[in-house]
file coords18.csv (CSV, C-alpha atoms and all ligand atoms)
chain,number,residue,atom,x,y,z
A,28,MET,CA,-13.4,-8.7,16.3
A,29,SER,CA,-10.6,-10.9,14.8
A,30,THR,CA,-7.6,-9.3,13.2
A,31,PRO,CA,-8.4,-8.7,9.5
A,32,LEU,CA,-4.9,-9.7,8.3
A,33,LEU,CA,-2.4,-11.7,10.2
A,34,ALA,CA,0.8,-13.0,8.7
A,35,ARG,CA,3.0,-15.3,10.7
A,36,HIS,CA,6.6,-16.4,10.0
A,37,LEU,CA,6.5,-16.0,6.3
A,38,ARG,CA,9.4,-17.2,4.2
A,39,PHE,CA,9.8,-16.9,0.5
A,40,ASP,CA,12.6,-17.7,-2.0
A,41,PHE,CA,12.8,-17.2,-5.7
A,42,PRO,CA,14.6,-20.2,-7.3
A,43,GLY,CA,18.2,-20.1,-5.9
A,44,ARG,CA,17.5,-16.8,-4.2
A,45,PRO,CA,16.3,-16.6,-0.6
A,46,LEU,CA,14.3,-13.4,-0.2
A,47,LEU,CA,11.9,-13.1,2.8
A,48,GLN,CA,12.7,-14.6,6.2
A,49,ASP,CA,10.4,-14.9,9.3
A,50,ILE,CA,8.1,-12.0,8.4
A,51,SER,CA,5.2,-11.5,10.9
A,52,LEU,CA,2.8,-8.6,10.9
A,53,ASP,CA,-0.8,-7.8,11.5
A,54,LEU,CA,-3.0,-5.0,10.2
A,55,ARG,CA,-5.6,-3.5,12.4
A,56,PRO,CA,-8.9,-1.7,11.6
A,57,GLY,CA,-8.5,2.1,11.6
A,58,ARG,CA,-4.7,2.0,11.5
A,59,VAL,CA,-2.2,2.8,8.7
A,60,THR,CA,1.0,0.7,8.6
A,61,ALA,CA,3.9,1.9,6.4
A,62,LEU,CA,6.5,-0.5,5.0
A,63,LEU,CA,9.8,1.0,4.2
A,64,GLY,CA,12.9,-0.6,2.8
A,65,PRO,CA,15.7,-0.2,0.3
A,66,ASN,CA,15.2,-1.1,-3.4
A,67,GLY,CA,15.1,-4.9,-3.8
A,68,SER,CA,14.5,-5.6,0.0
A,69,GLY,CA,11.3,-7.5,-0.9
A,70,LYS,CA,8.5,-5.1,-0.3
A,71,SER,CA,6.5,-5.8,-3.4
A,72,THR,CA,7.1,-9.6,-3.0
A,73,LEU,CA,5.7,-9.3,0.6
A,74,LEU,CA,2.6,-7.5,-0.7
A,75,ARG,CA,2.1,-10.3,-3.3
A,76,LEU,CA,2.3,-12.9,-0.5
A,77,LEU,CA,-0.3,-10.9,1.6
A,78,LEU,CA,-2.6,-10.7,-1.4
A,79,GLY,CA,-2.3,-14.5,-1.9
A,80,LEU,CA,-0.7,-14.0,-5.4
A,81,LEU,CA,2.4,-15.9,-4.2
A,82,GLU,CA,2.6,-18.9,-1.9
A,83,PRO,CA,5.0,-18.7,1.0
A,84,LYS,CA,7.5,-21.5,1.4
A,85,ALA,CA,6.7,-21.4,5.1
A,86,GLY,CA,4.3,-19.5,7.4
A,87,GLU,CA,0.8,-18.4,6.7
A,88,VAL,CA,-1.4,-15.4,5.9
A,89,CYS,CA,-4.8,-15.4,7.5
A,90,LEU,CA,-7.8,-13.1,6.6
A,91,ASN,CA,-10.4,-12.8,9.4
A,92,GLY,CA,-8.9,-16.0,10.9
A,93,ARG,CA,-8.9,-18.1,7.6
A,94,ASN,CA,-5.8,-19.2,5.8
A,95,ILE,CA,-5.8,-17.3,2.5
A,96,ARG,CA,-4.7,-20.5,0.7
A,97,THR,CA,-8.2,-22.0,1.5
A,98,MET,CA,-10.1,-19.0,0.1
A,99,ARG,CA,-11.4,-18.5,-3.5
A,100,ARG,CA,-10.4,-15.3,-5.3
A,101,PRO,CA,-13.8,-13.5,-4.9
A,102,GLU,CA,-13.6,-14.2,-1.1
A,103,VAL,CA,-10.1,-12.7,-1.0
A,104,ALA,CA,-11.3,-9.7,-3.1
A,105,ALA,CA,-14.2,-9.1,-0.6
A,106,LEU,CA,-11.6,-8.6,2.1
A,107,ILE,CA,-8.5,-7.0,0.5
A,108,ALA,CA,-8.3,-4.3,-2.2
A,109,PHE,CA,-4.9,-3.5,-3.8
A,110,VAL,CA,-3.7,-0.3,-5.4
A,111,PRO,CA,-0.7,-1.1,-7.5
A,112,GLN,CA,2.1,1.2,-8.5
A,113,GLN,CA,1.3,3.4,-11.5
A,114,THR,CA,-0.6,1.2,-14.0
A,115,ALA,CA,-1.1,1.6,-17.7
A,116,SER,CA,-4.0,0.0,-19.6
A,117,ALA,CA,-3.7,-1.2,-23.1
A,118,PHE,CA,-7.4,-1.0,-23.6
A,119,ALA,CA,-9.6,2.1,-24.1
A,120,TYR,CA,-11.5,1.6,-20.8
A,121,THR,CA,-13.1,4.7,-19.2
A,122,ALA,CA,-12.2,5.5,-15.7
A,123,LEU,CA,-15.7,4.4,-14.6
A,124,GLU,CA,-15.2,1.0,-16.3
A,125,ILE,CA,-11.9,0.6,-14.4
A,126,VAL,CA,-13.6,1.3,-11.1
A,127,LEU,CA,-16.5,-1.1,-12.0
A,128,MET,CA,-13.9,-3.9,-12.3
A,129,ALA,CA,-13.7,-3.8,-8.5
A,130,ARG,CA,-17.3,-4.9,-8.3
A,131,GLU,CA,-16.7,-7.8,-10.7
A,132,SER,CA,-13.6,-9.0,-8.8
A,133,ARG,CA,-15.9,-9.8,-5.8
A,134,ARG,CA,-17.9,-12.2,-7.9
A,135,SER,CA,-17.1,-15.1,-10.1
A,136,PHE,CA,-16.1,-14.0,-13.6
A,137,LEU,CA,-19.3,-15.0,-15.3
A,138,ALA,CA,-21.7,-13.4,-12.7
A,139,GLY,CA,-21.6,-10.0,-14.5
A,140,ARG,CA,-22.6,-6.7,-13.1
A,141,ARG,CA,-25.4,-6.1,-10.7
A,142,ALA,CA,-27.8,-3.2,-10.3
A,143,GLY,CA,-26.2,-0.8,-7.8
A,144,ASP,CA,-22.6,-1.4,-9.0
A,145,ARG,CA,-22.6,1.8,-11.0
A,146,GLN,CA,-23.9,3.8,-8.1
A,147,ILE,CA,-21.2,2.3,-5.8
A,148,ALA,CA,-18.5,3.1,-8.4
A,149,MET,CA,-19.7,6.6,-8.9
A,150,ALA,CA,-19.8,7.1,-5.1
A,151,ALA,CA,-16.2,6.0,-4.8
A,152,LEU,CA,-15.1,8.5,-7.5
A,153,ALA,CA,-17.1,11.2,-5.8
A,154,GLN,CA,-15.5,10.4,-2.4
A,155,LEU,CA,-12.1,11.3,-4.0
A,156,GLY,CA,-13.4,14.4,-5.8
A,157,ALA,CA,-12.9,12.5,-9.1
A,158,THR,CA,-16.5,12.4,-10.5
A,159,GLY,CA,-15.3,14.4,-13.5
A,160,LEU,CA,-13.0,11.6,-14.6
A,161,ALA,CA,-15.7,9.0,-14.9
A,162,ASP,CA,-16.1,9.2,-18.7
A,163,ARG,CA,-12.5,10.0,-19.5
A,164,THR,CA,-10.3,7.3,-21.1
A,165,PHE,CA,-8.1,5.8,-18.3
A,166,SER,CA,-5.0,5.4,-20.5
A,167,LEU,CA,-5.1,9.1,-21.4
A,168,LEU,CA,-5.3,10.4,-17.8
A,169,SER,CA,-2.3,11.9,-16.1
A,170,GLY,CA,-0.4,9.9,-13.5
A,171,GLY,CA,-2.1,11.6,-10.6
A,172,GLU,CA,-5.5,11.2,-12.1
A,173,ARG,CA,-4.9,7.5,-12.8
A,174,GLN,CA,-3.8,7.1,-9.2
A,175,LEU,CA,-7.1,8.5,-8.0
A,176,VAL,CA,-9.1,6.2,-10.3
A,177,LEU,CA,-7.1,3.2,-8.9
A,178,LEU,CA,-7.8,4.3,-5.4
A,179,ALA,CA,-11.5,4.7,-6.3
A,180,ARG,CA,-11.5,1.2,-7.7
A,181,ALA,CA,-10.1,-0.1,-4.4
A,182,LEU,CA,-12.8,1.8,-2.5
A,183,ALA,CA,-15.5,0.4,-4.7
A,184,GLN,CA,-14.4,-3.1,-3.6
A,185,GLU,CA,-15.7,-2.1,-0.1
A,186,SER,CA,-13.1,-4.3,1.6
A,187,PRO,CA,-11.9,-3.9,5.2
A,188,ILE,CA,-8.3,-4.1,4.2
A,189,LEU,CA,-6.5,-1.8,1.7
A,190,ILE,CA,-2.9,-2.4,0.5
A,191,LEU,CA,-1.2,0.3,-1.5
A,192,ASP,CA,2.1,0.0,-3.3
A,193,GLU,CA,3.9,3.4,-3.2
A,194,PRO,CA,0.6,5.4,-3.5
A,195,ALA,CA,2.3,8.8,-3.6
A,196,THR,CA,5.0,8.0,-6.1
A,197,GLY,CA,4.8,10.1,-9.3
A,198,LEU,CA,2.4,12.6,-7.8
A,199,ASP,CA,3.2,16.3,-7.6
A,200,TYR,CA,3.9,17.7,-4.1
A,201,GLY,CA,0.3,18.9,-3.5
A,202,ASN,CA,-1.2,15.6,-4.7
A,203,GLN,CA,1.3,13.7,-2.5
A,204,ILE,CA,-0.1,15.5,0.6
A,205,ARG,CA,-3.7,15.0,-0.6
A,206,MET,CA,-3.1,11.3,-1.1
A,207,LEU,CA,-1.4,10.9,2.3
A,208,ASP,CA,-4.3,12.7,4.0
A,209,LEU,CA,-6.8,10.6,2.1
A,210,ILE,CA,-5.1,7.4,3.3
A,211,THR,CA,-5.3,8.5,6.9
A,212,GLU,CA,-8.9,9.7,6.4
A,213,LEU,CA,-9.9,6.3,4.9
A,214,ALA,CA,-8.5,4.5,7.9
A,215,ARG,CA,-10.2,6.8,10.4
A,216,SER,CA,-13.6,7.3,8.8
A,217,LEU,CA,-14.1,3.9,7.2
A,218,ASN,CA,-12.2,1.9,9.8
A,219,LYS,CA,-10.0,0.3,7.1
A,220,ALA,CA,-6.8,-1.6,8.0
A,221,ILE,CA,-4.3,-0.1,5.6
A,222,LEU,CA,-0.8,-1.1,4.5
A,223,GLN,CA,1.3,1.1,2.3
A,224,THR,CA,4.8,0.8,1.0
A,225,THR,CA,6.8,4.0,0.6
A,226,HIS,CA,10.4,5.2,-0.1
A,227,ALA,CA,9.8,8.4,1.7
A,228,PRO,CA,10.2,8.3,5.5
A,229,GLU,CA,8.5,11.7,5.7
A,230,HIS,CA,5.4,10.2,4.0
A,231,ALA,CA,5.4,7.4,6.6
A,232,LEU,CA,5.8,10.0,9.4
A,233,ALA,CA,2.9,12.0,8.0
A,234,SER,CA,0.4,9.2,7.5
A,235,ALA,CA,1.3,6.0,9.4
A,236,ASP,CA,0.5,4.8,12.9
A,237,ASP,CA,2.9,1.8,12.7
A,238,ILE,CA,6.1,1.4,10.8
A,239,LEU,CA,7.8,-1.7,9.6
A,240,LEU,CA,11.4,-1.5,8.3
A,241,LEU,CA,12.4,-4.3,5.9
A,242,LYS,CA,16.1,-4.9,5.2
A,243,GLU,CA,17.4,-7.8,3.2
A,244,GLY,CA,14.2,-9.7,3.5
A,245,ARG,CA,13.9,-9.4,7.3
A,246,ILE,CA,12.1,-7.0,9.6
A,247,LEU,CA,14.8,-4.7,10.9
A,248,GLN,CA,12.6,-2.7,13.3
A,249,ARG,CA,8.9,-2.0,14.0
A,250,GLY,CA,7.1,0.5,16.1
A,251,SER,CA,5.6,4.0,16.1
A,252,PRO,CA,6.9,6.6,13.6
A,253,HIS,CA,8.7,8.5,16.4
A,254,GLU,CA,10.3,5.3,17.8
A,255,VAL,CA,11.4,4.0,14.4
A,256,LEU,CA,12.1,6.9,12.1
A,257,THR,CA,15.3,8.0,13.8
A,258,SER,CA,18.5,9.0,12.0
A,259,GLU,CA,20.3,6.0,13.5
A,260,MET,CA,17.6,3.6,12.3
A,261,LEU,CA,17.3,5.1,8.8
A,262,ALA,CA,21.1,5.1,8.4
A,263,ALA,CA,21.1,1.4,9.3
A,264,LEU,CA,18.2,0.7,7.0
A,265,TYR,CA,19.8,2.4,4.0
A,266,ASP,CA,23.5,1.7,4.8
A,267,LEU,CA,24.4,5.4,5.0
A,268,PRO,CA,26.4,7.3,7.6
A,269,VAL,CA,24.3,8.8,10.4
A,270,GLU,CA,25.7,12.3,9.6
A,271,LYS,CA,24.1,12.3,6.2
A,272,PHE,CA,20.7,11.7,7.8
A,273,GLU,CA,21.3,14.4,10.5
A,274,ARG,CA,22.2,16.9,7.7
A,275,HIS,CA,19.0,16.0,5.9
A,276,GLN,CA,17.1,16.3,9.1
A,277,ARG,CA,18.5,19.8,9.7
A,278,ASN,CA,17.4,20.8,6.2
A,279,ALA,CA,14.0,19.3,6.7
A,280,SER,CA,13.5,21.0,10.0
A,281,ILE,CA,14.5,24.4,8.4
A,282,LEU,CA,11.7,23.7,5.9
A,283,SER,CA,9.3,22.7,8.7
A,284,GLU,CA,9.9,26.0,10.4
A,285,HIS,CA,8.4,27.5,7.3
A,286,GLU,CA,5.5,25.0,7.7
A,287,CYS,CA,6.1,23.2,4.4
A,288,PHE,CA,7.6,19.9,5.5
A,289,PRO,CA,7.4,17.7,8.5
A,290,GLY,CA,10.7,17.1,10.3
A,291,LEU,CA,12.0,13.5,10.7
A,292,GLY,CA,12.7,11.6,13.9
A,293,SER,CA,12.6,12.6,17.5
B,301,LIG,N1,10.1,-13.5,-10.4
B,301,LIG,C1,11.3,-13.2,-9.8
B,301,LIG,N2,12.3,-14.1,-10.0
B,301,LIG,C2,13.5,-13.9,-9.4
B,301,LIG,N3,13.8,-12.8,-8.6
B,301,LIG,C3,12.8,-11.9,-8.5
B,301,LIG,C4,11.5,-12.0,-9.1
B,301,LIG,N4,10.7,-11.0,-8.7
B,301,LIG,C5,11.5,-10.2,-8.0
B,301,LIG,N5,12.8,-10.7,-7.8
B,301,LIG,C6,13.9,-10.2,-7.0
B,301,LIG,O1,13.5,-10.1,-5.7
B,301,LIG,C7,14.1,-9.0,-5.0
B,301,LIG,C8,13.0,-8.2,-4.3
B,301,LIG,O2,12.1,-7.6,-5.3
B,301,LIG,P1,10.9,-6.7,-4.8
B,301,LIG,O3,10.3,-6.2,-6.1
B,301,LIG,O4,10.1,-7.4,-3.8
B,301,LIG,O5,11.7,-5.5,-4.0
B,301,LIG,P2,11.2,-4.1,-3.6
B,301,LIG,O6,11.6,-4.0,-2.1
B,301,LIG,O7,9.7,-4.0,-3.8
B,301,LIG,O8,12.0,-3.2,-4.5
B,301,LIG,P3,11.8,-1.7,-5.0
B,301,LIG,O9,11.8,-0.8,-3.8
B,301,LIG,O10,12.9,-1.5,-5.9
B,301,LIG,O11,10.4,-1.7,-5.8
B,301,LIG,C9,14.7,-8.2,-6.1
B,301,LIG,O12,16.1,-8.4,-6.1
B,301,LIG,C10,14.1,-8.7,-7.4
B,301,LIG,O13,15.1,-8.7,-8.5
call {"tool": "encode", "arguments": {"input": "coords18.csv", "output": "structure tokens"}}
result
Amino acid sequence: MSTPLLARHLRFDFPGRPLLQDISLDLRPGRVTALLGPNGSGKSTLLRLLLGLLEPKAGEVCLNGRNIRTMRRPEVAALIAFVPQQTASAFAYTALEIVLMARESRRSFLAGRRAGDRQIAMAALAQLGATGLADRTFSLLSGGERQLVLLARALAQESPILILDEPATGLDYGNQIRMLDLITELARSLNKAILQTTHAPEHALASADDILLLKEGRILQRGSPHEVLTSEMLAALYDLPVEKFERHQRNASILSEHECFPGLGS
């Protein structure tokens, strides 16, 4: 089976502002990759390149071996689903209508809905335990409820690749854990290739198989969580003294002794 998503030597500049340099990555079925980096390091821009929403100045993104630039949007939507950061909707759509949009994104705009779309959308909500949200107005849902609906929309797209921009941000502690478990479960049970950005190393540790650290537009380090999420590496990533991370790690390990929080690093 070919790699669902392969990016090679991507470079991207905003006018007068070089941003991403020589970024290569691949996403594999059944695995979760976490992308960590400081504010402004280029994570969201990289996601937009992987989704084909921005064109790289050099390098290429291939989906199932095809350059994304040669693909039509419905073809891309059949392969990649995207869960953006918290989204508001100005229109009074129900949650079910938001999920149904995933089905339309896979077809040309004028093709309309097909029999079976509603069933697929309801099944996606049910998979997340969110059936009760179907008829509620999306814009009136809480942040956590909206996040579940956006994830259901991505599931209803039935794509092999799932990209999530800070999926646990804004969720309460319990829902953060539920969301991270769900992401791992989707990779394992549906064999999806998943990429998520996060600002929380402990979230990456809890849910990812592979870690990418992005600093100033370049990959600083990649590897397994235990190889990469060390105090030294995090201190280098965030330009903080190692002692600060070690103090944080000690606090985290005190919490983990009480079985509330995973410790960081090896
Ligand atoms: N359209 C644009 N024109 C010029 N600069 C931009 C544009 N969009 C983003 N940038 C800049 O590119 C840099 C990277 O932005 P990006 O949103 O990719 O970072 P990020 O790592 O996702 O940040 P955060 O963690 O804060 O969300 C930032 O300095 C941002 O101001």
call {"tool": "residues_around", "arguments": {"input": "coords18.csv", "residues": "Leu52 in chain A", "least_positions_apart": "6", "cutoff": "9 Å", "atoms": "only C-alpha atoms", "output": "PyMOL selection string"}}
result
chain A and resi 32-36+239
call {"tool": "residues_near_ligand", "arguments": {"input": "coords18.csv", "ligand": "ligand LIG 301 (chain B)", "cutoff": "8 Å", "atoms": "all atoms listed in the file", "output": "ChimeraX atom specification"}}
result
/A:41-42,44,46,64-73,226
call {"tool": "residues_around", "arguments": {"input": "coords18.csv", "residues": "Ala183 in chain A", "least_positions_apart": "5", "cutoff": "7 Å", "atoms": "only C-alpha atoms", "output": "list in words"}}
result
Val126, Ala129, Arg130, Ile147, Ala148 and Ala151 of chain A
call {"tool": "residues_around", "arguments": {"input": "coords18.csv", "residues": "Gln48 in chain A", "least_positions_apart": "4", "cutoff": "10 Å", "atoms": "all atoms listed in the file", "output": "short mmCIF file (atom, residue, chain, number, x, y, z; two decimals) with C-alpha atoms, in the coordinates of the input"}}
result
data_model
loop_
_atom_site.label_atom_id
_atom_site.label_comp_id
_atom_site.auth_asym_id
_atom_site.auth_seq_id
_atom_site.Cartn_x
_atom_site.Cartn_y
_atom_site.Cartn_z
CA HIS A 36 6.60 -16.40 10.00
CA LEU A 37 6.50 -16.00 6.30
CA ARG A 38 9.40 -17.20 4.20
CA PHE A 39 9.80 -16.90 0.50
CA ASP A 40 12.60 -17.70 -2.00
CA LYS A 84 7.50 -21.50 1.40
CA ALA A 85 6.70 -21.40 5.10
CA GLY A 86 4.30 -19.50 7.40
CA GLU A 243 17.40 -7.80 3.20
CA GLY A 244 14.20 -9.70 3.50
CA ARG A 245 13.90 -9.40 7.30
CA ILE A 246 12.10 -7.00 9.60
#
call {"tool": "closest_residue", "arguments": {"input": "coords18.csv", "among": "A:Gln154, A:Ser216, A:Glu131, A:Glu87", "to": "Pro101 in chain A", "atoms": "all atoms listed in the file"}}
result
A:Glu131
call {"tool": "closest_atom_pairs", "arguments": {"input": "coords18.csv", "of": "range 142-173 of chain A", "to": "range 197-209 of chain A", "cutoff": "12 Å", "atoms": "all atoms listed in the file", "output": "CSV"}}
result
residue,atom,partner,partner_atom,distance
A:Gln154,CA,A:Leu209,CA,9.8
A:Leu155,CA,A:Leu209,CA,8.1
A:Gly156,CA,A:Leu209,CA,11.0
A:Ser169,CA,A:Leu198,CA,9.6
A:Gly170,CA,A:Gly197,CA,6.7
A:Gly171,CA,A:Leu198,CA,5.4
A:Glu172,CA,A:Leu198,CA,9.1
A:Arg173,CA,A:Leu198,CA,10.2
call {"tool": "atom_distance", "arguments": {"input": "coords18.csv", "atom1": "CA of Ser251 in chain A", "atom2": "CA of Leu62 in chain A"}}
result
12.0 Å
call {"tool": "closest_residue", "arguments": {"input": "coords18.csv", "among": "A:Leu81, A:Leu167, A:Ala161, A:Ile188", "to": "Val59 in chain A", "atoms": "all atoms listed in the file"}}
result
A:Ile188
call {"tool": "residues_around", "arguments": {"input": "coords18.csv", "residues": "Val269 in chain A", "least_positions_apart": "3", "cutoff": "7 Å", "atoms": "all atoms listed in the file", "output": "list of chain:residue names"}}
result
A:Ser258, A:Glu259, A:Ala262, A:Phe272, A:Glu273
call {"tool": "write_last_selection", "arguments": {"input": "coords18.csv", "atoms": "C-alpha atoms", "output": "JSON list (two decimals), keeping the file's coordinate frame"}}
result
[["chain", "number", "residue", "atom", "x", "y", "z"],
["A", 258, "SER", "CA", 18.50, 9.00, 12.00],
["A", 259, "GLU", "CA", 20.30, 6.00, 13.50],
["A", 262, "ALA", "CA", 21.10, 5.10, 8.40],
["A", 272, "PHE", "CA", 20.70, 11.70, 7.80],
["A", 273, "GLU", "CA", 21.30, 14.40, 10.50]]
call {"tool": "closest_residue", "arguments": {"input": "coords18.csv", "among": "A:Leu264, A:Ile210, A:Leu247, A:Leu175", "to": "Ile50 in chain A", "atoms": "all atoms listed in the file"}}
result
A:Leu247
call {"tool": "closest_residue", "arguments": {"input": "coords18.csv", "among": "A:Leu63, A:Leu54, A:Phe165, A:Pro194", "to": "Pro252 in chain A", "atoms": "all atoms listed in the file"}}
result
A:Leu63
call {"tool": "residues_around", "arguments": {"input": "coords18.csv", "residues": "Glu82 in chain A", "least_positions_apart": "6", "cutoff": "9 Å", "atoms": "only C-alpha atoms", "output": "list in words"}}
result
Phe39, Arg75, Leu76 and Arg96 of chain A
call {"tool": "atom_distance", "arguments": {"input": "coords18.csv", "atom1": "CA of Cys89 in chain A", "atom2": "CA of Thr30 in chain A"}}
result
8.8 Å
call {"tool": "atom_distance", "arguments": {"input": "coords18.csv", "atom1": "CA of Thr196 in chain A", "atom2": "CA of Arg145 in chain A"}}
result
28.7 Å
call {"tool": "decode", "arguments": {"input": "coords18.csv", "residues": "range 217-237 of chain A", "atoms": "N, CA and C atoms", "output": "tab-separated table (two decimals), in the first residue's frame"}}
result
chain	number	residue	atom	x	y	z
A	217	LEU	N	-9.90	2.30	12.77
A	217	LEU	CA	-10.26	2.59	11.38
A	217	LEU	C	-9.02	2.69	10.49
A	218	ASN	N	-7.84	2.45	11.08
A	218	ASN	CA	-6.58	2.46	10.32
A	218	ASN	C	-6.30	3.81	9.66
A	219	LYS	N	-6.77	4.89	10.29
A	219	LYS	CA	-6.55	6.21	9.70
A	219	LYS	C	-5.13	6.69	9.96
A	220	ALA	N	-4.59	7.46	9.02
A	220	ALA	CA	-3.30	8.14	9.22
A	220	ALA	C	-3.64	9.52	9.76
A	221	ILE	N	-3.16	9.82	10.98
A	221	ILE	CA	-3.63	11.04	11.67
A	221	ILE	C	-2.45	11.96	11.98
A	222	LEU	N	-2.66	13.25	11.71
A	222	LEU	CA	-1.71	14.29	12.13
A	222	LEU	C	-2.45	15.29	13.00
A	223	GLN	N	-1.92	15.56	14.19
A	223	GLN	CA	-2.54	16.59	15.03
A	223	GLN	C	-1.46	17.57	15.48
A	224	THR	N	-1.85	18.85	15.54
A	224	THR	CA	-0.96	19.83	16.17
A	224	THR	C	-1.37	19.95	17.63
A	225	THR	N	-0.42	20.27	18.47
A	225	THR	CA	-0.74	20.49	19.87
A	225	THR	C	0.29	21.40	20.52
A	226	HIS	N	-0.14	22.12	21.55
A	226	HIS	CA	0.81	22.89	22.35
A	226	HIS	C	1.18	22.15	23.63
A	227	ALA	N	0.60	20.97	23.84
A	227	ALA	CA	0.80	20.28	25.11
A	227	ALA	C	1.62	19.01	24.90
A	228	PRO	N	2.91	19.00	25.30
A	228	PRO	CA	3.71	17.79	25.13
A	228	PRO	C	3.06	16.56	25.77
A	229	GLU	N	2.35	16.75	26.90
A	229	GLU	CA	1.73	15.59	27.56
A	229	GLU	C	0.61	15.01	26.68
A	230	HIS	N	-0.04	15.86	25.86
A	230	HIS	CA	-1.05	15.33	24.93
A	230	HIS	C	-0.39	14.50	23.83
A	231	ALA	N	0.77	14.99	23.36
A	231	ALA	CA	1.50	14.25	22.33
A	231	ALA	C	1.96	12.91	22.91
A	232	LEU	N	2.45	12.96	24.15
A	232	LEU	CA	2.92	11.73	24.80
A	232	LEU	C	1.78	10.73	24.96
A	233	ALA	N	0.58	11.26	25.29
A	233	ALA	CA	-0.55	10.37	25.57
A	233	ALA	C	-1.13	9.75	24.30
A	234	SER	N	-1.00	10.44	23.15
A	234	SER	CA	-1.78	9.96	22.00
A	234	SER	C	-0.97	9.70	20.74
A	235	ALA	N	0.31	10.09	20.69
A	235	ALA	CA	1.02	10.01	19.40
A	235	ALA	C	2.01	8.84	19.36
A	236	ASP	N	2.19	8.31	18.14
A	236	ASP	CA	3.22	7.29	17.90
A	236	ASP	C	4.51	7.96	17.43
A	237	ASP	N	4.36	9.07	16.71
A	237	ASP	CA	5.51	9.78	16.15
A	237	ASP	C	5.37	11.26	16.47
